[in-house]
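So this block is structure09.pdb, PDB, C-alpha atoms, pLDDT in the B column:
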```
MODEL        1
ATOM      1  CA  GLN J   1      34.217-112.902 -43.853  1.00 82.00           C
ATOM      2  CA  VAL J   2      37.330-115.003 -43.735  1.00 92.00           C
ATOM      3  CA  GLN J   3      40.582-113.647 -42.389  1.00 95.00           C
ATOM      4  CA  LEU J   4      43.689-114.366 -44.454  1.00 97.00           C
ATOM      5  CA  VAL J   5      47.350-114.599 -43.457  1.00 97.00           C
ATOM      6  CA  GLU J   6      50.102-115.178 -46.016  1.00 97.00           C
ATOM      7  CA  SER J   7      53.487-116.723 -45.301  1.00 97.00           C
ATOM      8  CA  GLY J   8      56.466-118.168 -47.119  1.00 97.00           C
ATOM      9  CA  GLY J   9      57.962-115.140 -48.801  1.00 96.00           C
ATOM     10  CA  GLY J  10      61.661-114.390 -48.803  1.00 97.00           C
ATOM     11  CA  LEU J  11      64.792-113.767 -50.812  1.00 98.00           C
ATOM     12  CA  VAL J  12      65.735-116.260 -53.512  1.00 98.00           C
ATOM     13  CA  GLN J  13      68.124-116.325 -56.440  1.00 98.00           C
ATOM     14  CA  ALA J  14      66.866-116.350 -59.992  1.00 98.00           C
ATOM     15  CA  GLY J  15      65.932-119.879 -61.008  1.00 98.00           C
ATOM     16  CA  GLY J  16      65.025-120.822 -57.464  1.00 98.00           C
ATOM     17  CA  SER J  17      61.714-121.796 -55.911  1.00 98.00           C
ATOM     18  CA  LEU J  18      59.432-120.613 -53.133  1.00 98.00           C
ATOM     19  CA  ARG J  19      56.130-121.831 -51.784  1.00 98.00           C
ATOM     20  CA  LEU J  20      53.669-119.273 -50.478  1.00 98.00           C
ATOM     21  CA  SER J  21      50.834-120.266 -48.208  1.00 98.00           C
ATOM     22  CA  CYS J  22      47.656-118.443 -47.251  1.00 98.00           C
ATOM     23  CA  ALA J  23      45.812-119.595 -44.140  1.00 98.00           C
ATOM     24  CA  ALA J  24      42.154-118.717 -43.738  1.00 97.00           C
ATOM     25  CA  SER J  25      40.074-118.494 -40.576  1.00 92.00           C
ATOM     26  CA  GLY J  26      36.576-117.374 -39.769  1.00 81.00           C
ATOM     27  CA  ARG J  27      33.832-118.182 -42.246  1.00 77.00           C
ATOM     28  CA  THR J  28      33.661-121.414 -44.251  1.00 91.00           C
ATOM     29  CA  PHE J  29      36.751-121.442 -46.446  1.00 94.00           C
ATOM     30  CA  SER J  30      35.208-123.725 -49.054  1.00 94.00           C
ATOM     31  CA  ASN J  31      32.597-121.059 -49.874  1.00 95.00           C
ATOM     32  CA  TYR J  32      35.311-118.886 -51.396  1.00 96.00           C
ATOM     33  CA  ALA J  33      37.191-118.967 -54.649  1.00 97.00           C
ATOM     34  CA  MET J  34      40.760-117.871 -53.978  1.00 98.00           C
ATOM     35  CA  GLY J  35      43.400-115.933 -55.824  1.00 98.00           C
ATOM     36  CA  TRP J  36      46.976-114.713 -55.646  1.00 98.00           C
ATOM     37  CA  PHE J  37      47.919-111.243 -56.814  1.00 98.00           C
ATOM     38  CA  ARG J  38      51.157-109.307 -56.628  1.00 98.00           C
ATOM     39  CA  GLN J  39      52.219-105.703 -56.486  1.00 98.00           C
ATOM     40  CA  ALA J  40      55.651-104.405 -57.391  1.00 96.00           C
ATOM     41  CA  PRO J  41      56.804-100.935 -56.300  1.00 92.00           C
ATOM     42  CA  GLY J  42      55.114 -98.239 -58.353  1.00 95.00           C
ATOM     43  CA  LYS J  43      52.840-100.693 -60.125  1.00 96.00           C
ATOM     44  CA  GLU J  44      49.238-101.772 -59.876  1.00 96.00           C
ATOM     45  CA  ARG J  45      48.281-104.977 -58.105  1.00 96.00           C
ATOM     46  CA  GLU J  46      48.152-107.647 -60.798  1.00 97.00           C
ATOM     47  CA  PHE J  47      46.582-111.055 -61.147  1.00 98.00           C
ATOM     48  CA  VAL J  48      48.835-114.088 -60.715  1.00 98.00           C
ATOM     49  CA  ALA J  49      46.649-117.172 -60.222  1.00 98.00           C
ATOM     50  CA  ALA J  50      43.145-118.192 -59.202  1.00 98.00           C
ATOM     51  CA  ILE J  51      41.448-121.366 -58.072  1.00 98.00           C
ATOM     52  CA  SER J  52      37.789-122.292 -57.791  1.00 97.00           C
ATOM     53  CA  ARG J  53      36.008-123.357 -54.616  1.00 97.00           C
ATOM     54  CA  SER J  54      36.367-127.018 -55.522  1.00 95.00           C
ATOM     55  CA  GLY J  55      39.957-126.675 -56.670  1.00 96.00           C
ATOM     56  CA  SER J  56      39.063-128.219 -60.001  1.00 96.00           C
ATOM     57  CA  ARG J  57      39.588-125.033 -62.015  1.00 97.00           C
ATOM     58  CA  THR J  58      42.631-122.811 -62.080  1.00 98.00           C
ATOM     59  CA  ASN J  59      43.790-119.814 -64.091  1.00 98.00           C
ATOM     60  CA  TYR J  60      47.197-118.204 -64.428  1.00 98.00           C
ATOM     61  CA  ALA J  61      48.641-114.996 -65.745  1.00 98.00           C
ATOM     62  CA  ASP J  62      50.601-115.591 -68.931  1.00 98.00           C
ATOM     63  CA  SER J  63      53.757-114.393 -67.205  1.00 97.00           C
ATOM     64  CA  VAL J  64      53.688-117.258 -64.697  1.00 98.00           C
ATOM     65  CA  LYS J  65      52.163-120.114 -66.686  1.00 98.00           C
ATOM     66  CA  GLY J  66      54.290-123.222 -66.492  1.00 97.00           C
ATOM     67  CA  ARG J  67      56.249-121.860 -63.516  1.00 98.00           C
ATOM     68  CA  PHE J  68      53.638-121.306 -60.796  1.00 98.00           C
ATOM     69  CA  THR J  69      51.025-123.709 -59.442  1.00 98.00           C
ATOM     70  CA  ILE J  70      48.074-122.767 -57.252  1.00 98.00           C
ATOM     71  CA  SER J  71      46.442-125.363 -55.031  1.00 98.00           C
ATOM     72  CA  ARG J  72      44.094-125.472 -52.078  1.00 98.00           C
ATOM     73  CA  ASP J  73      43.269-127.780 -49.201  1.00 97.00           C
ATOM     74  CA  ASN J  74      39.728-127.177 -47.984  1.00 96.00           C
ATOM     75  CA  ALA J  75      40.271-129.468 -44.996  1.00 95.00           C
ATOM     76  CA  LYS J  76      43.206-127.347 -43.818  1.00 96.00           C
ATOM     77  CA  ASN J  77      41.772-123.990 -44.961  1.00 97.00           C
ATOM     78  CA  THR J  78      44.846-123.143 -46.980  1.00 97.00           C
ATOM     79  CA  VAL J  79      45.706-122.043 -50.491  1.00 98.00           C
ATOM     80  CA  ASP J  80      49.286-122.332 -51.710  1.00 98.00           C
ATOM     81  CA  LEU J  81      51.287-120.905 -54.562  1.00 98.00           C
ATOM     82  CA  GLN J  82      54.261-123.001 -55.634  1.00 98.00           C
ATOM     83  CA  MET J  83      56.672-120.801 -57.564  1.00 98.00           C
ATOM     84  CA  SER J  84      59.504-122.271 -59.601  1.00 98.00           C
ATOM     85  CA  ASN J  85      62.111-120.912 -61.983  1.00 98.00           C
ATOM     86  CA  LEU J  86      61.718-117.518 -60.367  1.00 98.00           C
ATOM     87  CA  LYS J  87      62.801-114.409 -62.232  1.00 98.00           C
ATOM     88  CA  PRO J  88      63.788-110.967 -60.962  1.00 97.00           C
ATOM     89  CA  GLU J  89      60.577-109.600 -62.470  1.00 97.00           C
ATOM     90  CA  ASP J  90      58.618-111.799 -60.048  1.00 98.00           C
ATOM     91  CA  THR J  91      59.799-109.563 -57.218  1.00 98.00           C
ATOM     92  CA  ALA J  92      56.737-108.104 -55.508  1.00 98.00           C
ATOM     93  CA  VAL J  93      54.511-108.259 -52.471  1.00 98.00           C
ATOM     94  CA  TYR J  94      52.204-111.224 -52.958  1.00 98.00           C
ATOM     95  CA  TYR J  95      48.644-111.094 -51.655  1.00 98.00           C
ATOM     96  CA  CYS J  96      45.989-113.747 -51.380  1.00 98.00           C
ATOM     97  CA  GLY J  97      42.359-112.803 -51.717  1.00 98.00           C
ATOM     98  CA  ALA J  98      39.019-114.512 -51.165  1.00 97.00           C
ATOM     99  CA  ALA J  99      35.979-114.192 -53.441  1.00 96.00           C
ATOM    100  CA  TYR J 100      32.666-115.476 -52.147  1.00 94.00           C
ATOM    101  CA  SER J 101      31.075-117.641 -54.842  1.00 92.00           C
ATOM    102  CA  SER J 102      27.893-119.643 -55.208  1.00 92.00           C
ATOM    103  CA  SER J 103      29.569-121.809 -57.848  1.00 90.00           C
ATOM    104  CA  TYR J 104      32.103-124.540 -57.184  1.00 90.00           C
ATOM    105  CA  TYR J 105      33.736-124.000 -60.575  1.00 93.00           C
ATOM    106  CA  VAL J 106      34.189-120.253 -61.103  1.00 93.00           C
ATOM    107  CA  THR J 107      37.504-118.432 -60.855  1.00 94.00           C
ATOM    108  CA  PHE J 108      37.935-114.674 -60.548  1.00 93.00           C
ATOM    109  CA  LEU J 109      40.623-112.890 -62.510  1.00 93.00           C
ATOM    110  CA  SER J 110      39.894-109.301 -61.492  1.00 93.00           C
ATOM    111  CA  ARG J 111      41.010-107.916 -58.162  1.00 92.00           C
ATOM    112  CA  SER J 112      37.618-106.225 -57.811  1.00 93.00           C
ATOM    113  CA  GLY J 113      36.092-109.635 -57.164  1.00 91.00           C
ATOM    114  CA  TYR J 114      38.131-110.207 -54.037  1.00 95.00           C
ATOM    115  CA  ASP J 115      37.391-109.148 -50.510  1.00 93.00           C
ATOM    116  CA  PRO J 116      39.060-109.621 -48.110  1.00 95.00           C
ATOM    117  CA  TRP J 117      42.809-109.664 -48.699  1.00 97.00           C
ATOM    118  CA  GLY J 118      45.698-110.797 -46.603  1.00 97.00           C
ATOM    119  CA  GLN J 119      48.458-108.474 -45.456  1.00 97.00           C
ATOM    120  CA  GLY J 120      50.901-109.645 -48.109  1.00 97.00           C
ATOM    121  CA  THR J 121      54.278-111.363 -48.123  1.00 98.00           C
ATOM    122  CA  GLN J 122      57.416-110.052 -49.810  1.00 98.00           C
ATOM    123  CA  VAL J 123      59.113-112.089 -52.511  1.00 98.00           C
ATOM    124  CA  THR J 124      62.475-110.843 -53.747  1.00 98.00           C
ATOM    125  CA  VAL J 125      64.308-112.564 -56.588  1.00 98.00           C
ATOM    126  CA  SER J 126      67.935-111.602 -57.092  1.00 97.00           C
ATOM    127  CA  SER J 127      69.670-111.881 -60.432  1.00 93.00           C
TER     128      SER J 127
ENDMDL
END
```

Show me this structure written as structure tokens.
Amino acid sequence: QVQLVESGGGLVQAGGSLRLSCAASGRTFSNYAMGWFRQAPGKEREFVAAISRSGSRTNYADSVKGRFTISRDNAKNTVDLQMSNLKPEDTAVYYCGAAYSSSYYVTFLSRSGYDPWGQGTQVTVSS
């Protein structure tokens, strides 16, 4: 398995931007499709964005489309989430997950497809 460590969270005002990064170590990073999920207090962990092994396919939750961008660098073993025009409802702990995949072009939208997960990074958006 890969090991995942997220970074880049923090406190930002509404309308601001943050860039989250997830660094992977261990097994071959390029064998995994990757995803970002988030969990607000008292809520279920929800899908945010996903990217295929090759990076050529991405998917986004409707709530973040046009504001968030997921990308990956297989040479650096990282997957990033660029978040812009942040809203208070984006406040949550953000987790990256890895999904082993035999296909270069598949993305996974369900959290059940991901194992392992990182430890999470807090994003707080003030109004």

Might you pull out every residue within 12 Å of Ser54 in chain J, with all atoms listed in the file counted and same-chain residues fewer than 4 positions away left off, and present them as a list in words?
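Counting all atoms listed in the file, the residues come to Phe29, Ser30, Asn31, Tyr32, Ala33, Met34, Ala50, Thr58, Ser71, Arg72, Asp73, Asn74, Ala75, Val79, Ser101, Ser102, Ser103, Tyr104, Tyr105, Val106 and Thr107 of chain J.
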
Atom pair CA of Trp36 in chain J + CA of Phe108 in chain J, distance 10.3 Å

Taking the file as I've supplied it (selection: the PyMOL selection byres ((chain J and resi 13-26) around 9)), which residues are included? Please answer as an NGL selection string.
:J and (1-12 or 27-29 or 76-88 or 94-97 or 118 or 121 or 123-127)

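Relative to CA of Val64 in chain J, CA of Val48 in chain J is found at 7.0 Å.
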
Atom pair CA of Pro116 in chain J + CA of Ala99 in chain J, distance 7.7 Å

Protein and nucleic acid residues near (50.9, -105.4, -59.6) (cut-off 12 Å, only C-alpha atoms) as a compact mmCIF listing (two decimals) with C-alpha atoms, keeping the file's coordinate frame:
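Output contents, as saved in result24.txt:
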```txt
# COMPACT_ATOMS: atom_id res chain seq x y z
CA TRP J 36 46.98 -114.71 -55.65
CA PHE J 37 47.92 -111.24 -56.81
CA ARG J 38 51.16 -109.31 -56.63
CA GLN J 39 52.22 -105.70 -56.49
CA ALA J 40 55.65 -104.40 -57.39
CA PRO J 41 56.80 -100.94 -56.30
CA GLY J 42 55.11 -98.24 -58.35
CA LYS J 43 52.84 -100.69 -60.12
CA GLU J 44 49.24 -101.77 -59.88
CA ARG J 45 48.28 -104.98 -58.10
CA GLU J 46 48.15 -107.65 -60.80
CA PHE J 47 46.58 -111.06 -61.15
CA VAL J 48 48.84 -114.09 -60.72
CA ALA J 61 48.64 -115.00 -65.74
CA GLU J 89 60.58 -109.60 -62.47
CA ASP J 90 58.62 -111.80 -60.05
CA THR J 91 59.80 -109.56 -57.22
CA ALA J 92 56.74 -108.10 -55.51
CA VAL J 93 54.51 -108.26 -52.47
CA TYR J 94 52.20 -111.22 -52.96
CA TYR J 95 48.64 -111.09 -51.66
CA SER J 110 39.89 -109.30 -61.49
CA ARG J 111 41.01 -107.92 -58.16
```
